[in-house]
Amino acid sequence: MKRLTALALCLTTVFTLGTSVSADTLSSTTAGSNTSNQQVKGTYRDDTNATVYSVDIEWSNFNFEYNKGSKGAWDPATHTYSEPKPAGWGDQTGTIKMTNHSNADVGYTLSCEVNSKYSDDFYLGTSKDSMLGTYTGTLKTAENTAVDNAPSKQLTIYPGGSLPAGTNDANVATLTITIGAK
């Protein structure tokens with residue numbers, strides 16, 4: 001019985017130890033004519049990183065108020081005006097902050113289109129006395145920077161000129177930021 005069990009185990013082991021091998025059978029009676037060929041295949045991969053564009057744009061409040069100006073409130077007890085209001089926009093500004101989280105430089109273009117109803121008198125600028133047409137720049141790549149230190153640019157926009165009497169919550173201009181590869 002031991003011999004039959006040993007024989008069965010031995011045969012099972014022999015038949016289950018097979019290895020997959022690709023082989024050619026060469027048979028020739030002529031010396032030097034025994035050859036075998038194997039095709040070698042290769043693949044080229046371009047594993048360069050894809051460019052990923054991600055830019056945050058934060059707009060502040062762009063609701064501006066033009067003041068005709070006044071001497072202030074009359075105080076009959078002192079016969080003087082208090083808190084005079086100068087004509088104009090005062091120190092009102094709006095801001096646009098762009099932050100680049102891309103792995104490439106990013107170009108930006110800021111353009112301003114003033115509503116034709118107000119274009120004779122009203123304008124926006126990057127300073128109190130400038131008129132904004134188109135403003136361009138570049139944000140450097142965010143590679144090798146911490147998220148909190150990502151390259152950013154803040155633009156300050158000033159209203160200028162005046163508005164006609166009776167203007168109330170009107171769309172006087174449109175600002176557009178265009179982002180693109182640099």
# chains A, B, ... in the order shown; residues from 1 in each chain; ligands from 1
>>> closest_atom_pairs(of="region 79-100 of chain A", to="region 147-155 of chain A", cutoff="9 Å", atoms="only C-alpha atoms", output="Markdown table")
| residue | atom | partner | partner_atom | distance |
| --- | --- | --- | --- | --- |
| A:Gly94 | CA | A:Leu155 | CA | 8.4 |
| A:Thr95 | CA | A:Leu155 | CA | 5.6 |
| A:Ile96 | CA | A:Leu155 | CA | 5.2 |
| A:Lys97 | CA | A:Gln154 | CA | 4.2 |
| A:Met98 | CA | A:Lys153 | CA | 5.4 |
| A:Thr99 | CA | A:Ser152 | CA | 4.2 |
| A:Asn100 | CA | A:Pro151 | CA | 5.5 |
>>> residues_around(residues="region 86-90 of chain A", least_positions_apart="6", cutoff="8 Å", atoms="only C-alpha atoms", output="compact mmCIF listing (two decimals) with C-alpha atoms, in the first residue's frame")
# COMPACT_ATOMS: atom_id res chain seq x y z
CA PHE A 64 -19.34 101.66 -7.49
CA GLU A 65 -21.17 104.80 -6.42
CA TYR A 66 -20.58 108.18 -8.00
CA ASN A 67 -21.26 111.13 -5.72
CA LYS A 68 -22.35 114.44 -7.19
CA GLY A 69 -20.78 116.10 -4.16
CA SER A 70 -22.27 118.17 -1.39
CA LYS A 71 -21.25 120.61 1.30
CA PRO A 159 -13.69 103.90 -11.64
CA GLY A 160 -13.23 107.18 -13.47
CA GLY A 161 -15.20 109.88 -15.19
CA SER A 162 -18.79 110.34 -14.08
>>> closest_residue(among="A:Ala146, A:Val55, A:Leu132, A:Ala181", to="Val114 (chain A)", atoms="only C-alpha atoms")
A:Leu132
>>> atom_distance(atom1="CA of Gly72 (chain A)", atom2="CA of Asp91 (chain A)")
17.9 Å
>>> select_by_dssp(residues="chain A", states="strand (DSSP E)", output="number ranges by chain")
A: 55-59, 73-75, 80-82, 94-100, 106-114, 122-125, 134-139, 152-161, 173-181
>>> write_last_selection(atoms="C-alpha atoms", output="PDB file, in the first residue's frame")
ATOM      1  CA  VAL A  55      -6.272  79.241 -12.213  1.00  0.00           C
ATOM      2  CA  ASP A  56      -8.368  80.728  -9.414  1.00  0.00           C
ATOM      3  CA  ILE A  57      -9.925  84.114 -10.175  1.00  0.00           C
ATOM      4  CA  GLU A  58     -11.351  86.119  -7.281  1.00  0.00           C
ATOM      5  CA  TRP A  59     -13.444  89.206  -8.010  1.00  0.00           C
ATOM      6  CA  ALA A  73     -25.342 118.282   6.419  1.00  0.00           C
ATOM      7  CA  TRP A  74     -26.386 121.768   7.604  1.00  0.00           C
ATOM      8  CA  ASP A  75     -26.187 122.241  11.339  1.00  0.00           C
ATOM      9  CA  THR A  80     -21.892 125.158   9.454  1.00  0.00           C
ATOM     10  CA  TYR A  81     -21.913 122.099   7.264  1.00  0.00           C
ATOM     11  CA  SER A  82     -20.574 118.791   8.615  1.00  0.00           C
ATOM     12  CA  GLY A  94     -12.370  96.764  -7.180  1.00  0.00           C
ATOM     13  CA  THR A  95      -9.785  93.981  -7.232  1.00  0.00           C
ATOM     14  CA  ILE A  96      -9.170  90.907  -9.333  1.00  0.00           C
ATOM     15  CA  LYS A  97      -6.803  88.290  -7.932  1.00  0.00           C
ATOM     16  CA  MET A  98      -5.540  85.485 -10.151  1.00  0.00           C
ATOM     17  CA  THR A  99      -3.663  82.528  -8.630  1.00  0.00           C
ATOM     18  CA  ASN A 100      -1.904  79.962 -10.825  1.00  0.00           C
ATOM     19  CA  VAL A 106      -0.233  81.051 -17.814  1.00  0.00           C
ATOM     20  CA  GLY A 107      -0.924  84.207 -19.771  1.00  0.00           C
ATOM     21  CA  TYR A 108      -3.848  86.461 -18.948  1.00  0.00           C
ATOM     22  CA  THR A 109      -5.596  89.321 -20.676  1.00  0.00           C
ATOM     23  CA  LEU A 110      -7.932  91.705 -18.893  1.00  0.00           C
ATOM     24  CA  SER A 111     -10.223  93.686 -21.146  1.00  0.00           C
ATOM     25  CA  CYS A 112     -12.893  96.238 -20.401  1.00  0.00           C
ATOM     26  CA  GLU A 113     -15.932  97.059 -22.462  1.00  0.00           C
ATOM     27  CA  VAL A 114     -17.893 100.090 -21.305  1.00  0.00           C
ATOM     28  CA  PHE A 122     -17.331 106.633 -17.551  1.00  0.00           C
ATOM     29  CA  TYR A 123     -14.178 104.492 -17.636  1.00  0.00           C
ATOM     30  CA  LEU A 124     -12.237 101.948 -15.583  1.00  0.00           C
ATOM     31  CA  GLY A 125      -8.470 102.032 -15.123  1.00  0.00           C
ATOM     32  CA  THR A 134      -6.518  95.720 -22.579  1.00  0.00           C
ATOM     33  CA  TYR A 135      -4.037  94.653 -19.890  1.00  0.00           C
ATOM     34  CA  THR A 136      -1.865  91.550 -20.283  1.00  0.00           C
ATOM     35  CA  GLY A 137       0.550  89.620 -18.102  1.00  0.00           C
ATOM     36  CA  THR A 138       1.965  86.233 -17.154  1.00  0.00           C
ATOM     37  CA  LEU A 139       1.626  84.076 -14.053  1.00  0.00           C
ATOM     38  CA  SER A 152      -0.560  85.237  -8.073  1.00  0.00           C
ATOM     39  CA  LYS A 153      -1.315  88.705  -9.364  1.00  0.00           C
ATOM     40  CA  GLN A 154      -3.783  91.191  -7.963  1.00  0.00           C
ATOM     41  CA  LEU A 155      -5.079  93.977 -10.175  1.00  0.00           C
ATOM     42  CA  THR A 156      -6.733  97.035  -8.661  1.00  0.00           C
ATOM     43  CA  ILE A 157      -9.379  98.696 -10.801  1.00  0.00           C
ATOM     44  CA  TYR A 158     -10.500 102.296 -10.302  1.00  0.00           C
ATOM     45  CA  PRO A 159     -13.686 103.898 -11.639  1.00  0.00           C
ATOM     46  CA  GLY A 160     -13.227 107.178 -13.465  1.00  0.00           C
ATOM     47  CA  GLY A 161     -15.201 109.877 -15.186  1.00  0.00           C
ATOM     48  CA  ALA A 173     -19.124  98.023 -18.042  1.00  0.00           C
ATOM     49  CA  THR A 174     -17.993  94.416 -18.424  1.00  0.00           C
ATOM     50  CA  LEU A 175     -14.565  93.184 -17.350  1.00  0.00           C
ATOM     51  CA  THR A 176     -13.307  89.980 -18.975  1.00  0.00           C
ATOM     52  CA  ILE A 177     -10.283  87.873 -17.977  1.00  0.00           C
ATOM     53  CA  THR A 178      -9.001  85.496 -20.651  1.00  0.00           C
ATOM     54  CA  ILE A 179      -6.572  82.791 -19.510  1.00  0.00           C
ATOM     55  CA  GLY A 180      -4.345  80.879 -21.918  1.00  0.00           C
ATOM     56  CA  ALA A 181      -1.117  78.972 -22.349  1.00  0.00           C
TER      57      ALA A 181
END
>>> atom_distance(atom1="CA of Asn115 (chain A)", atom2="CA of Gln92 (chain A)")
19.8 Å
>>> select_by_dssp(residues="chain A", states="alpha helix (DSSP H)", output="ChimeraX atom specification")
/A:2-16
>>> write_last_selection(atoms="C-alpha atoms", output="PDB file, in the first residue's frame")
ATOM      1  CA  LYS A   2       2.854   2.342   0.838  1.00  0.00           C
ATOM      2  CA  ARG A   3       4.374   1.710  -2.540  1.00  0.00           C
ATOM      3  CA  LEU A   4       1.150   2.529  -4.384  1.00  0.00           C
ATOM      4  CA  THR A   5       0.676   5.749  -2.391  1.00  0.00           C
ATOM      5  CA  ALA A   6       4.302   6.759  -3.020  1.00  0.00           C
ATOM      6  CA  LEU A   7       3.935   5.982  -6.722  1.00  0.00           C
ATOM      7  CA  ALA A   8       0.705   8.030  -6.950  1.00  0.00           C
ATOM      8  CA  LEU A   9       2.345  11.008  -5.216  1.00  0.00           C
ATOM      9  CA  CYS A  10       5.406  10.739  -7.415  1.00  0.00           C
ATOM     10  CA  LEU A  11       3.340  10.693 -10.624  1.00  0.00           C
ATOM     11  CA  THR A  12       1.181  13.585  -9.412  1.00  0.00           C
ATOM     12  CA  THR A  13       4.287  15.640  -8.707  1.00  0.00           C
ATOM     13  CA  VAL A  14       5.825  14.875 -12.095  1.00  0.00           C
ATOM     14  CA  PHE A  15       2.673  15.840 -14.004  1.00  0.00           C
ATOM     15  CA  THR A  16       2.012  19.055 -12.026  1.00  0.00           C
TER      16      THR A  16
END
>>> atom_distance(atom1="CA of Asn61 (chain A)", atom2="CA of His101 (chain A)")
23.6 Å
